[in-house]
>>> print(open('final.txt').read())   # compact mmCIF, C-alpha atoms
# COMPACT_ATOMS: atom_id res chain seq x y z
CA MET A 1 34.68 27.72 18.36
CA SER A 2 31.08 28.02 17.21
CA ASP A 3 28.59 30.53 18.44
CA SER A 4 27.00 27.88 20.61
CA ALA A 5 28.10 27.45 24.17
CA HIS A 6 30.17 24.32 23.59
CA LEU A 7 33.07 23.21 21.41
CA THR A 8 32.22 21.67 18.05
CA GLU A 9 32.92 18.01 17.33
CA ALA A 10 35.83 19.00 15.09
CA GLU A 11 37.32 21.13 17.85
CA ARG A 12 36.98 18.34 20.41
CA GLN A 13 38.49 15.75 18.09
CA THR A 14 41.44 17.85 16.96
CA LEU A 15 42.12 18.94 20.53
CA ALA A 16 42.04 15.32 21.60
CA ASP A 17 44.53 14.06 19.05
CA GLY A 18 46.73 17.14 19.13
CA SER A 19 46.24 17.95 15.46
CA MET A 20 44.82 21.41 16.19
CA ALA A 21 47.14 24.35 15.53
CA THR A 22 48.84 25.48 18.73
CA ARG A 23 47.49 28.99 18.57
CA GLN A 24 43.91 27.85 18.12
CA ALA A 25 44.28 25.20 20.84
CA ARG A 26 45.57 27.84 23.22
CA GLY A 27 42.49 29.93 22.50
CA LEU A 28 40.20 27.04 23.43
CA GLN A 29 41.93 26.18 26.68
CA ALA A 30 40.02 28.97 28.46
CA HIS A 31 36.76 27.38 27.39
CA LEU A 32 37.89 23.95 28.58
CA ARG A 33 38.78 25.41 31.96
CA ALA A 34 35.36 26.98 32.26
CA CYS A 35 33.28 24.15 30.79
CA PRO A 36 33.46 20.81 32.63
CA SER A 37 31.25 19.15 30.02
CA CYS A 38 33.59 19.89 27.08
CA ALA A 39 36.68 19.18 29.19
CA ALA A 40 35.31 15.78 30.20
CA ASP A 41 34.42 14.92 26.62
CA VAL A 42 37.84 15.86 25.26
CA ASP A 43 39.38 13.77 28.02
CA ARG A 44 37.16 10.82 27.09
CA LEU A 45 38.47 11.02 23.53
CA ARG A 46 42.05 11.30 24.75
CA MET A 47 41.55 8.30 26.99
CA ILE A 48 41.44 6.02 23.94
CA ALA A 49 45.03 6.85 23.06
CA ARG A 50 46.04 6.30 26.68
CA ARG A 51 44.30 2.94 26.81
CA TYR A 52 45.86 1.98 23.48
CA GLY A 53 49.31 2.68 24.87
CA GLU A 54 48.84 0.21 27.71
CA PRO A 55 50.52 -3.16 27.12
CA ALA A 56 48.20 -5.52 25.28
CA PRO A 57 47.45 -8.86 26.94
CA ARG A 58 49.82 -11.60 25.78
CA ASP A 59 48.35 -14.31 23.62
CA PRO A 60 49.40 -17.68 25.06
CA VAL A 61 49.16 -19.19 21.59
CA LEU A 62 52.04 -17.09 20.26
CA ALA A 63 54.78 -19.38 21.54
CA GLY A 64 53.09 -22.23 19.71
CA LEU A 65 53.34 -20.42 16.38
CA TRP A 66 57.11 -20.56 16.28
CA PRO A 67 57.50 -24.17 15.06
CA GLU A 68 55.33 -23.41 12.03
CA ILE A 69 57.24 -20.19 11.34
CA ARG A 70 60.52 -22.05 11.60
CA SER A 71 59.26 -24.75 9.32
CA ARG A 72 58.14 -22.18 6.74
CA ILE A 73 61.49 -20.43 6.94
CA GLU A 74 63.38 -23.65 6.38
CA ARG A 75 60.99 -24.95 3.75
CA ARG A 76 60.88 -21.82 1.66
CA LYS A 77 63.97 -19.74 1.81
CA VAL A 78 66.54 -21.09 4.22
CA VAL A 79 69.13 -18.33 3.97
CA PRO A 80 68.43 -14.62 4.43
CA ILE A 81 70.26 -12.27 2.10
CA PRO A 82 73.40 -11.16 3.95
CA PRO A 83 73.75 -7.39 4.48
CA ALA A 84 76.60 -7.09 2.00
CA ALA A 85 74.57 -8.64 -0.80
CA ALA A 86 71.39 -6.70 -0.08
CA SER A 87 70.66 -3.41 -1.75
CA PRO A 88 70.28 -1.05 1.16
CA ARG A 89 70.49 2.26 -0.65
CA PRO A 90 67.92 3.54 -3.07
CA ALA A 91 68.25 1.45 -6.20
CA PRO A 92 71.50 1.43 -8.02
CA SER A 93 70.78 0.66 -11.63
CA LEU A 94 69.30 -2.75 -12.28
CA ARG A 95 72.16 -3.70 -14.53
CA ARG A 96 74.76 -2.82 -11.93
CA SER A 97 72.90 -4.82 -9.30
CA VAL A 98 72.61 -7.84 -11.51
CA LEU A 99 76.25 -7.79 -12.48
CA LEU A 100 77.21 -7.42 -8.85
CA ILE A 101 75.02 -10.35 -7.89
CA ALA A 102 76.19 -12.51 -10.77
CA GLY A 103 79.80 -11.65 -10.03
CA THR A 104 79.34 -12.56 -6.39
CA ALA A 105 77.73 -15.86 -7.31
CA ALA A 106 80.46 -16.72 -9.79
CA GLY A 107 83.14 -15.77 -7.28
CA LEU A 108 81.53 -17.89 -4.61
CA ALA A 109 81.27 -20.82 -6.98
CA ALA A 110 84.92 -20.60 -7.93
CA ALA A 111 85.97 -20.24 -4.30
CA ALA A 112 83.83 -23.21 -3.34
CA VAL A 113 85.37 -25.46 -5.98
CA LEU A 114 88.87 -24.61 -4.74
CA TRP A 115 87.92 -24.83 -1.09
CA LEU A 116 85.87 -27.99 -1.21
CA ARG A 117 88.49 -30.39 -2.46
CA PRO A 118 90.87 -30.22 0.49
CA ALA A 119 88.01 -29.67 2.89
CA ARG A 120 86.47 -33.02 2.09
CA LEU A 121 89.64 -35.04 2.58
CA GLY A 122 90.08 -35.42 6.30
CA PRO A 123 87.49 -36.42 8.90
CA GLY A 124 86.46 -33.69 11.34
CA PRO A 125 85.88 -33.98 15.07
CA VAL A 126 82.18 -34.79 14.61
CA SER A 127 81.25 -38.46 14.51
CA ASP A 128 80.50 -39.87 11.08
CA GLN A 129 76.98 -40.82 12.12
CA VAL A 130 76.05 -37.32 13.29
CA ARG A 131 77.66 -35.79 10.25
CA ALA A 132 75.79 -38.12 7.92
CA ARG A 133 72.45 -37.31 9.59
CA ASP A 134 73.06 -33.55 9.51
CA SER A 135 74.21 -33.74 5.96
CA ILE A 136 71.06 -35.60 4.85
CA GLN A 137 68.85 -33.07 6.65
CA ALA A 138 70.74 -30.21 5.05
CA LEU A 139 70.44 -31.79 1.61
CA VAL A 140 66.69 -32.18 2.03
CA LEU A 141 66.26 -28.56 3.14
CA VAL A 142 68.43 -27.25 0.35
CA ALA A 143 66.60 -29.37 -2.23
CA ASP A 144 63.31 -27.89 -0.99
CA SER A 145 64.72 -24.39 -1.28
CA ILE A 146 65.99 -24.98 -4.81
CA ARG A 147 62.57 -26.28 -5.85
CA SER A 148 60.81 -23.37 -4.17
CA TYR A 149 63.06 -20.74 -5.80
CA ARG A 150 62.85 -22.46 -9.17
CA ASP A 151 59.05 -22.37 -8.99
CA GLU A 152 59.02 -18.76 -7.86
CA ALA A 153 61.45 -17.76 -10.62
CA GLN A 154 59.20 -19.45 -13.18
CA VAL A 155 56.15 -17.54 -11.94
CA LEU A 156 58.08 -14.28 -12.13
CA LEU A 157 59.39 -15.12 -15.60
CA ASP A 158 55.83 -15.78 -16.75
CA ARG A 159 54.83 -12.42 -15.33
CA LEU A 160 57.78 -10.78 -17.08
CA GLU A 161 56.53 -12.27 -20.35
CA LEU A 162 53.20 -10.55 -19.80
CA GLN A 163 54.96 -7.26 -19.07
CA ARG A 164 57.34 -7.61 -21.99
CA ALA A 165 55.30 -5.40 -24.30
CA MET A 166 55.43 -2.56 -21.80
CA ILE A 167 59.19 -2.67 -21.27
CA ARG A 168 61.47 -0.69 -23.53
CA PRO A 169 63.33 -3.04 -25.96
CA GLU A 170 66.77 -1.90 -24.82
CA ALA A 171 65.81 -2.40 -21.15
CA MET A 172 64.43 -5.83 -21.99
CA ALA A 173 67.64 -6.76 -23.80
CA SER A 174 69.64 -5.66 -20.78
CA ILE A 175 67.44 -7.68 -18.41
CA GLU A 176 67.78 -10.78 -20.60
CA ARG A 177 71.54 -10.37 -20.80
CA ASP A 178 71.78 -10.09 -17.03
CA LEU A 179 69.50 -13.03 -16.40
CA GLY A 180 71.62 -14.97 -18.86
CA VAL A 181 74.69 -14.41 -16.67
CA ILE A 182 72.84 -15.85 -13.68
CA ASP A 183 71.41 -18.72 -15.74
CA ARG A 184 74.88 -19.69 -16.90
CA SER A 185 76.02 -19.72 -13.28
CA ILE A 186 73.04 -21.96 -12.44
CA GLU A 187 73.88 -24.32 -15.32
CA GLU A 188 77.50 -24.61 -14.21
CA LEU A 189 76.46 -25.31 -10.64
CA GLU A 190 73.94 -27.93 -11.76
CA LEU A 191 76.64 -29.66 -13.78
CA ALA A 192 78.97 -29.54 -10.80
CA ILE A 193 76.23 -31.05 -8.61
CA GLN A 194 75.72 -33.87 -11.11
CA ARG A 195 79.40 -34.70 -10.69
CA ASP A 196 79.30 -34.31 -6.91
CA PRO A 197 75.65 -34.80 -5.83
CA ARG A 198 76.30 -34.95 -2.07
CA ASN A 199 78.23 -31.72 -1.94
CA PRO A 200 76.13 -29.39 0.29
CA THR A 201 78.08 -26.24 -0.50
CA LEU A 202 77.46 -26.51 -4.21
CA ARG A 203 73.75 -26.88 -3.47
CA GLN A 204 73.79 -23.84 -1.20
CA LEU A 205 75.44 -21.89 -4.00
CA LEU A 206 72.73 -23.08 -6.36
CA VAL A 207 70.09 -21.89 -3.86
CA SER A 208 71.91 -18.58 -3.71
CA SER A 209 71.92 -18.25 -7.51
CA TYR A 210 68.21 -19.02 -7.75
CA ARG A 211 67.52 -16.56 -4.95
CA GLN A 212 69.46 -13.91 -6.82
CA LYS A 213 67.50 -14.65 -9.97
CA VAL A 214 64.25 -14.26 -8.02
CA GLU A 215 65.47 -11.00 -6.50
CA VAL A 216 66.34 -9.62 -9.94
CA LEU A 217 62.98 -10.63 -11.37
CA LYS A 218 61.20 -9.08 -8.40
CA ARG A 219 63.08 -5.83 -8.91
CA VAL A 220 62.06 -5.82 -12.56
CA GLY A 221 58.46 -6.41 -11.46
CA ASN A 222 58.61 -3.63 -8.90
CA ALA A 223 60.19 -1.22 -11.37
CA GLY A 224 57.41 -2.01 -13.85
CA MET B 1 51.48 2.13 -1.25
CA THR B 2 53.80 0.77 1.39
CA LEU B 3 55.89 2.28 4.11
CA SER B 4 59.53 2.88 3.35
CA ALA B 5 61.79 0.03 4.31
CA GLU B 6 63.56 1.67 7.17
CA PRO B 7 62.74 4.86 9.00
CA THR B 8 65.39 7.26 10.18
CA ALA B 9 67.12 6.42 13.40
CA THR B 10 66.48 8.35 16.56
CA PRO B 11 68.98 8.67 19.40
CA HIS B 12 66.95 6.51 21.77
CA ASP B 13 66.79 3.64 19.32
CA ALA B 14 69.24 1.46 21.22
CA GLU B 15 69.01 -2.03 19.79
CA PRO B 16 68.58 -4.64 22.50
CA PHE B 17 68.84 -7.51 19.99
CA ALA B 18 71.87 -6.39 18.05
CA ASP B 19 73.70 -9.66 18.56
CA ALA B 20 70.66 -11.82 17.76
CA VAL B 21 70.00 -9.75 14.65
CA ARG B 22 73.58 -10.11 13.48
CA ARG B 23 73.51 -13.86 13.98
CA ALA B 24 70.11 -14.19 12.35
CA GLN B 25 71.38 -12.23 9.35
CA GLN B 26 74.07 -14.87 9.03
CA GLY B 27 71.43 -17.59 8.87
CA ASP B 28 71.09 -18.53 12.55
CA VAL B 29 67.44 -19.50 12.97
CA ASP B 30 67.86 -20.00 16.72
CA ALA B 31 68.90 -16.36 17.05
CA PHE B 32 65.83 -15.40 15.05
CA GLU B 33 63.71 -17.41 17.48
CA THR B 34 64.95 -15.13 20.28
CA ILE B 35 63.82 -12.14 18.25
CA TYR B 36 60.48 -13.82 17.61
CA HIS B 37 59.69 -14.49 21.26
CA ALA B 38 60.63 -10.95 22.25
CA SER B 39 58.78 -9.21 19.43
CA ALA B 40 55.77 -11.42 18.72
CA PRO B 41 53.46 -9.88 21.38
CA ALA B 42 53.81 -6.39 19.90
CA VAL B 43 53.42 -7.66 16.34
CA PHE B 44 50.38 -9.70 17.36
CA ALA B 45 48.83 -6.67 19.12
CA ILE B 46 48.98 -4.61 15.93
CA CYS B 47 47.66 -7.48 13.80
CA ARG B 48 44.78 -8.16 16.16
CA ARG B 49 43.87 -4.53 16.55
CA MET B 50 43.93 -3.92 12.82
CA THR B 51 42.01 -7.06 11.87
CA GLY B 52 39.81 -7.46 14.94
CA ASP B 53 40.23 -11.20 14.62
CA ASP B 54 42.50 -13.42 16.71
CA ARG B 55 42.85 -16.24 14.21
CA GLU B 56 43.65 -13.98 11.31
CA ALA B 57 46.07 -12.04 13.49
CA ARG B 58 47.96 -15.24 14.31
CA GLU B 59 48.26 -16.10 10.63
CA LEU B 60 49.54 -12.62 9.92
CA VAL B 61 52.08 -12.90 12.74
CA GLN B 62 53.49 -15.95 10.98
CA ASP B 63 53.63 -14.13 7.66
CA VAL B 64 55.30 -11.12 9.24
CA PHE B 65 58.07 -13.18 10.80
CA VAL B 66 58.65 -15.27 7.68
CA ARG B 67 58.93 -12.04 5.74
CA ALA B 68 61.14 -10.50 8.42
CA TRP B 69 63.48 -13.48 8.07
CA GLU B 70 63.59 -13.08 4.31
CA ARG B 71 64.29 -9.38 4.54
CA LEU B 72 66.49 -9.33 7.58
CA GLY B 73 69.46 -8.73 5.29
CA THR B 74 68.05 -5.32 4.44
CA PHE B 75 67.82 -4.29 8.10
CA ARG B 76 70.79 -2.04 8.63
CA GLY B 77 70.24 -1.12 12.23
CA GLU B 78 69.53 2.53 11.48
CA SER B 79 66.26 2.19 13.33
CA ALA B 80 65.26 -0.05 16.20
CA LEU B 81 64.32 -3.55 15.15
CA ALA B 82 60.93 -2.96 16.79
CA THR B 83 60.34 0.03 14.50
CA TRP B 84 61.37 -1.96 11.44
CA LEU B 85 59.11 -4.83 12.43
CA HIS B 86 56.27 -2.42 13.15
CA ARG B 87 56.40 -1.09 9.61
CA LEU B 88 56.69 -4.55 8.15
CA THR B 89 53.63 -5.56 10.16
CA VAL B 90 51.48 -2.61 9.12
CA ASN B 91 52.40 -3.22 5.48
CA ARG B 92 51.59 -6.92 5.73
CA VAL B 93 48.21 -6.32 7.36
CA LEU B 94 47.24 -3.66 4.84
CA GLU B 95 48.35 -5.94 2.02
CA SER B 96 46.15 -8.69 3.41
CA MET B 97 43.21 -6.33 3.70
CA ARG B 98 43.67 -5.12 0.15
CA SER B 99 43.51 -8.66 -1.13
CA SER B 100 40.39 -9.46 0.83
CA ARG B 101 36.81 -8.27 0.70
CA ARG B 102 37.56 -5.78 3.41
CA HIS B 103 39.29 -3.63 0.84
CA ALA B 104 35.87 -2.53 -0.30
CA ALA B 105 35.05 -1.44 3.23
CA LEU B 106 38.43 0.21 3.53
CA ILE B 107 38.05 2.40 0.51
CA ASP B 108 34.35 2.97 0.94
CA GLY B 109 34.29 5.86 3.31
CA ASP B 110 30.51 5.99 3.26
CA GLU B 111 29.88 3.15 5.63
CA SER B 112 26.76 4.42 7.25
CA ALA B 113 27.08 5.08 10.92
CA ASP B 114 23.79 3.33 11.47
CA ALA B 115 24.77 0.20 9.63
CA ILE B 116 27.96 -0.17 11.58
CA GLY B 117 26.47 0.61 14.92
CA LEU B 118 28.74 3.52 15.70
CA GLU B 119 25.84 5.56 16.98
CA SER B 120 24.68 2.92 19.41
CA ASP B 121 24.87 3.83 23.04
CA GLN B 122 27.19 2.44 25.58
CA LEU B 123 27.11 -1.34 25.57
CA ASP B 124 25.62 -3.27 28.43
CA MET B 125 28.91 -4.76 29.39
CA ARG B 126 32.13 -2.84 29.55
CA LEU B 127 34.39 -3.83 26.71
CA ASP B 128 38.13 -3.90 26.82
CA LEU B 129 39.82 -1.81 24.21
CA ASP B 130 40.68 -4.68 21.86
CA ALA B 131 37.15 -6.03 21.96
CA ALA B 132 35.80 -2.57 21.25
CA LEU B 133 38.20 -2.17 18.33
CA ALA B 134 37.05 -5.52 16.98
CA ARG B 135 33.47 -4.22 16.93
CA LEU B 136 34.39 -1.41 14.58
CA PRO B 137 33.99 -1.92 10.84
CA ALA B 138 37.24 -2.66 9.00
CA GLY B 139 37.69 0.77 7.47
CA ALA B 140 37.10 2.72 10.65
CA ARG B 141 39.19 0.30 12.69
CA THR B 142 42.12 0.48 10.29
CA VAL B 143 42.12 4.25 10.25
CA LEU B 144 41.84 4.50 14.03
CA VAL B 145 44.59 1.95 14.70
CA LEU B 146 46.93 3.56 12.21
CA HIS B 147 46.25 6.90 13.88
CA LEU B 148 46.93 5.45 17.30
CA GLU B 149 50.09 3.85 15.93
CA GLY B 150 51.33 7.34 15.17
CA PHE B 151 50.54 7.82 11.48
CA SER B 152 49.42 11.23 10.30
CA HIS B 153 46.15 11.80 8.43
CA GLY B 154 48.11 12.18 5.20
CA GLU B 155 50.04 8.94 5.72
CA ILE B 156 46.84 7.08 6.59
CA ALA B 157 45.19 8.35 3.43
CA ARG B 158 48.16 7.24 1.32
CA LEU B 159 48.42 3.83 2.98
CA THR B 160 44.74 3.00 2.76
CA GLY B 161 44.04 4.65 -0.55
CA ILE B 162 41.18 6.78 0.76
CA ALA B 163 40.85 10.55 0.69
CA ALA B 164 42.34 12.44 3.65
CA GLY B 165 38.95 13.93 4.47
CA THR B 166 37.35 10.50 4.49
CA ALA B 167 40.11 9.14 6.69
CA ARG B 168 39.57 11.98 9.14
CA ALA B 169 35.81 11.46 9.19
CA GLN B 170 36.25 7.72 9.81
CA LEU B 171 38.74 8.43 12.57
CA TRP B 172 36.40 10.82 14.36
CA ARG B 173 33.45 8.45 14.11
CA ALA B 174 35.47 5.51 15.32
CA ARG B 175 36.96 7.43 18.22
CA ARG B 176 33.58 8.77 19.22
CA ALA B 177 32.10 5.26 19.15
CA LEU B 178 34.91 3.87 21.26
CA ALA B 179 34.58 6.66 23.80
CA ARG B 180 30.87 5.93 24.04
CA TRP B 181 31.44 2.21 24.42
CA LEU B 182 34.34 2.32 26.81
CA ILE B 183 33.57 5.08 29.28
CA PRO B 184 30.85 4.36 31.80
>>> encode(input="final.txt", output="structure tokens")
Amino acid sequence: MSDSAHLTEAERQTLADGSMATRQARGLQAHLRACPSCAADVDRLRMIARRYGEPAPRDPVLAGLWPEIRSRIERRKVVPIPPAAASPRPAPSLRRSVLLIAGTAAGLAAAAVLWLRPARLGPGPVSDQVRARDSIQALVLVADSIRSYRDEAQVLLDRLELQRAMIRPEAMASIERDLGVIDRSIEELELAIQRDPRNPTLRQLLVSSYRQKVEVLKRVGNAG
Amino acid sequence: MTLSAEPTATPHDAEPFADAVRRAQQGDVDAFETIYHASAPAVFAICRRMTGDDREARELVQDVFVRAWERLGTFRGESALATWLHRLTVNRVLESMRSSRRHAALIDGDESADAIGLESDQLDMRLDLDAALARLPAGARTVLVLHLEGFSHGEIARLTGIAAGTARAQLWRARRALARWLIP
């Protein structure tokens, strides 16, 4: 506390937000008890935090934002990364991540090829008309996602080219090797789709591969 | 500088949307809609208070939820979903501010009190808190809102890229102005 009769601005502010050391705050409590002017001012400053904690008025427009959010979700990404495929812990090495991702993609592709043949033989309980409509919608969404990921991957690859000079040669070689694994998986899936263009699962797997490529490129960008 | 992806859990962090989160993580957009309707008001409140602009806040709300969808796979439930979304929101708003002209105001701690009207007396009409926050300049508003959202001076300095002393000075000025404007 200053020599003057009242608390300084710093004392009032730090008392108000609780950032003053306990011992010092305790020393100033006596002054607050004896000085209504300082006590009222500190309370005025504290009031802002109290008012802030009150529930904010709801914006009636918020409910109307959802359709656009949904549309963006479906247009851009479609599928969130499942917990098992995400990288929750602090970065395992890039190479390990990439191999894990590529392995998962390749495994999924192989499983899909085996699973799809019998699955497409018999009709399900859903009417053919409904199934056809849903399948067309799904194909459109997936095609959008593939395009979106492909574009994003290209942007990130361009950025990687710019960063190339700053990346150690051995790290760059490793990145290219890992991206090559994913690219081969993409090529195989694209060939499979050419043979079976209406197969939604193959397209989802292609989306997944592109998404993994984007994730890898983003990690490289973040690491740089 | 961004906030870490997921803060440490606390015992009271019971997750009221565990089922919706799980389904959304598996690609169920309808489940995510449930999360949106429950969480959007809080996300919007932060966006509006940090930007001081309703329209911009609504755009940011959309960005936050699109991003939340994309990153939902990384949410492990170690904190409440609300806490995770809160951090995502603060990061998104700061990112938006950095990419806009307001970044200059954010890092320029020398906004003169005169120029920004912080020294003006109580306003003729009583403002509500959000309107008063909107009157603050971007830098002072950001610092004050982050402080009121529970960030320490050090964290605020790191997040906004300004010196801790500057952040503190902006906080005090902003709080003083609000007290003057809001209390009859």
>>> residues_around(input="final.txt", residues="B:His37", least_positions_apart="4", cutoff="10 Å", atoms="all atoms listed in the file", output="count of residues only")
7
>>> residues_around(input="final.txt", residues="A:Gln163", least_positions_apart="3", cutoff="12 Å", atoms="all atoms listed in the file", output="ChimeraX atom specification")
/A:156-160,166-169,172,217,220-224
>>> closest_residue(input="final.txt", among="B:Ala38, B:Met97, B:Ala45, B:Val21", to="chain A", atoms="all atoms listed in the file")
B:Ala45
>>> closest_residue(input="final.txt", among="B:Arg98, B:His86, B:Arg76, B:Arg135", to="chain A", atoms="all atoms listed in the file")
B:Arg76
>>> residues_near_point(input="final.txt", point="(45.6, -7.6, 9.7)", cutoff="12 Å", atoms="all atoms listed in the file", output="PyMOL selection string")
chain B and resi 43-64+88-100+102-103+134+138-139+141-142+145-146
>>> write_last_selection(input="final.txt", atoms="C-alpha atoms", output="CSV table (one decimal), in the frame of the given file")
chain,number,residue,atom,x,y,z
B,43,VAL,CA,53.4,-7.7,16.3
B,44,PHE,CA,50.4,-9.7,17.4
B,45,ALA,CA,48.8,-6.7,19.1
B,46,ILE,CA,49.0,-4.6,15.9
B,47,CYS,CA,47.7,-7.5,13.8
B,48,ARG,CA,44.8,-8.2,16.2
B,49,ARG,CA,43.9,-4.5,16.6
B,50,MET,CA,43.9,-3.9,12.8
B,51,THR,CA,42.0,-7.1,11.9
B,52,GLY,CA,39.8,-7.5,14.9
B,53,ASP,CA,40.2,-11.2,14.6
B,54,ASP,CA,42.5,-13.4,16.7
B,55,ARG,CA,42.8,-16.2,14.2
B,56,GLU,CA,43.6,-14.0,11.3
B,57,ALA,CA,46.1,-12.0,13.5
B,58,ARG,CA,48.0,-15.2,14.3
B,59,GLU,CA,48.3,-16.1,10.6
B,60,LEU,CA,49.5,-12.6,9.9
B,61,VAL,CA,52.1,-12.9,12.7
B,62,GLN,CA,53.5,-16.0,11.0
B,63,ASP,CA,53.6,-14.1,7.7
B,64,VAL,CA,55.3,-11.1,9.2
B,88,LEU,CA,56.7,-4.6,8.2
B,89,THR,CA,53.6,-5.6,10.2
B,90,VAL,CA,51.5,-2.6,9.1
B,91,ASN,CA,52.4,-3.2,5.5
B,92,ARG,CA,51.6,-6.9,5.7
B,93,VAL,CA,48.2,-6.3,7.4
B,94,LEU,CA,47.2,-3.7,4.8
B,95,GLU,CA,48.4,-5.9,2.0
B,96,SER,CA,46.2,-8.7,3.4
B,97,MET,CA,43.2,-6.3,3.7
B,98,ARG,CA,43.7,-5.1,0.2
B,99,SER,CA,43.5,-8.7,-1.1
B,100,SER,CA,40.4,-9.5,0.8
B,102,ARG,CA,37.6,-5.8,3.4
B,103,HIS,CA,39.3,-3.6,0.8
B,134,ALA,CA,37.0,-5.5,17.0
B,138,ALA,CA,37.2,-2.7,9.0
B,139,GLY,CA,37.7,0.8,7.5
B,141,ARG,CA,39.2,0.3,12.7
B,142,THR,CA,42.1,0.5,10.3
B,145,VAL,CA,44.6,2.0,14.7
B,146,LEU,CA,46.9,3.6,12.2
>>> residues_around(input="final.txt", residues="A:Ala30", least_positions_apart="6", cutoff="12 Å", atoms="all atoms listed in the file", output="short mmCIF file (atom, residue, chain, number, x, y, z; two decimals) with C-alpha atoms, in the coordinates of the input")
data_model
loop_
_atom_site.label_atom_id
_atom_site.label_comp_id
_atom_site.auth_asym_id
_atom_site.auth_seq_id
_atom_site.Cartn_x
_atom_site.Cartn_y
_atom_site.Cartn_z
CA MET A 1 34.68 27.72 18.36
CA HIS A 6 30.17 24.32 23.59
CA LEU A 7 33.07 23.21 21.41
CA GLN A 24 43.91 27.85 18.12
CA PRO A 36 33.46 20.81 32.63
CA CYS A 38 33.59 19.89 27.08
CA ALA A 39 36.68 19.18 29.19
#
>>> atom_distance(input="final.txt", atom1="atom CA of A:Lys213", atom2="atom CA of A:Ile182")
6.6 Å
>>> closest_residue(input="final.txt", among="B:Asp19, B:Asp30, B:Asp128, B:Glu70", to="chain A", atoms="only C-alpha atoms")
B:Glu70
>>> closest_atom_pairs(input="final.txt", of="chain B", to="chain A", cutoff="7 Å", atoms="all atoms listed in the file", output="JSON lines")
{"residue": "B:Gln25", "atom": "CA", "partner": "A:Pro82", "partner_atom": "CA", "distance": 5.9}
{"residue": "B:Gln26", "atom": "CA", "partner": "A:Pro82", "partner_atom": "CA", "distance": 6.3}
{"residue": "B:Gly27", "atom": "CA", "partner": "A:Val79", "partner_atom": "CA", "distance": 5.5}
{"residue": "B:His37", "atom": "CA", "partner": "A:Ala63", "partner_atom": "CA", "distance": 6.9}
{"residue": "B:Ala40", "atom": "CA", "partner": "A:Leu62", "partner_atom": "CA", "distance": 7.0}
{"residue": "B:Pro41", "atom": "CA", "partner": "A:Arg58", "partner_atom": "CA", "distance": 6.0}
{"residue": "B:Ala45", "atom": "CA", "partner": "A:Ala56", "partner_atom": "CA", "distance": 6.3}
{"residue": "B:Gln62", "atom": "CA", "partner": "A:Ile69", "partner_atom": "CA", "distance": 5.7}
{"residue": "B:Val66", "atom": "CA", "partner": "A:Ile73", "partner_atom": "CA", "distance": 5.9}
{"residue": "B:Trp69", "atom": "CA", "partner": "A:Pro80", "partner_atom": "CA", "distance": 6.2}
{"residue": "B:Glu70", "atom": "CA", "partner": "A:Pro80", "partner_atom": "CA", "distance": 5.1}
{"residue": "B:Arg71", "atom": "CA", "partner": "A:Pro80", "partner_atom": "CA", "distance": 6.7}
{"residue": "B:Leu72", "atom": "CA", "partner": "A:Pro80", "partner_atom": "CA", "distance": 6.5}
{"residue": "B:Gly73", "atom": "CA", "partner": "A:Pro83", "partner_atom": "CA", "distance": 4.6}
{"residue": "B:Thr74", "atom": "CA", "partner": "A:Ala86", "partner_atom": "CA", "distance": 5.8}
{"residue": "B:Leu148", "atom": "CA", "partner": "A:Ala49", "partner_atom": "CA", "distance": 6.2}
{"residue": "B:Trp172", "atom": "CA", "partner": "A:Gln13", "partner_atom": "CA", "distance": 6.5}
{"residue": "B:Arg175", "atom": "CA", "partner": "A:Leu45", "partner_atom": "CA", "distance": 6.6}
{"residue": "B:Arg176", "atom": "CA", "partner": "A:Leu45", "partner_atom": "CA", "distance": 6.9}
{"residue": "B:Ala179", "atom": "CA", "partner": "A:Leu45", "partner_atom": "CA", "distance": 5.8}
>>> atom_distance(input="final.txt", atom1="atom CA of A:Arg75", atom2="atom CA of A:Ser148")
8.1 Å
>>> residues_near_point(input="final.txt", point="(36.8, 5.0, 9.3)", cutoff="7 Å", atoms="all atoms listed in the file", output="MDAnalysis selection string")
chainID B and resid 109 139:141 143:144 167 169:171 173:174
>>> atom_distance(input="final.txt", atom1="atom CA of A:Arg203", atom2="atom CA of A:Glu190")
8.4 Å
>>> axis_aligned_box(input="final.txt", around="stretch 24-27 of chain A", padding_each_side="6 Å", output="JSON")
{"center_x": 44.0, "center_y": 27.6, "center_z": 20.7, "size_x": 15.1, "size_y": 16.7, "size_z": 17.1}
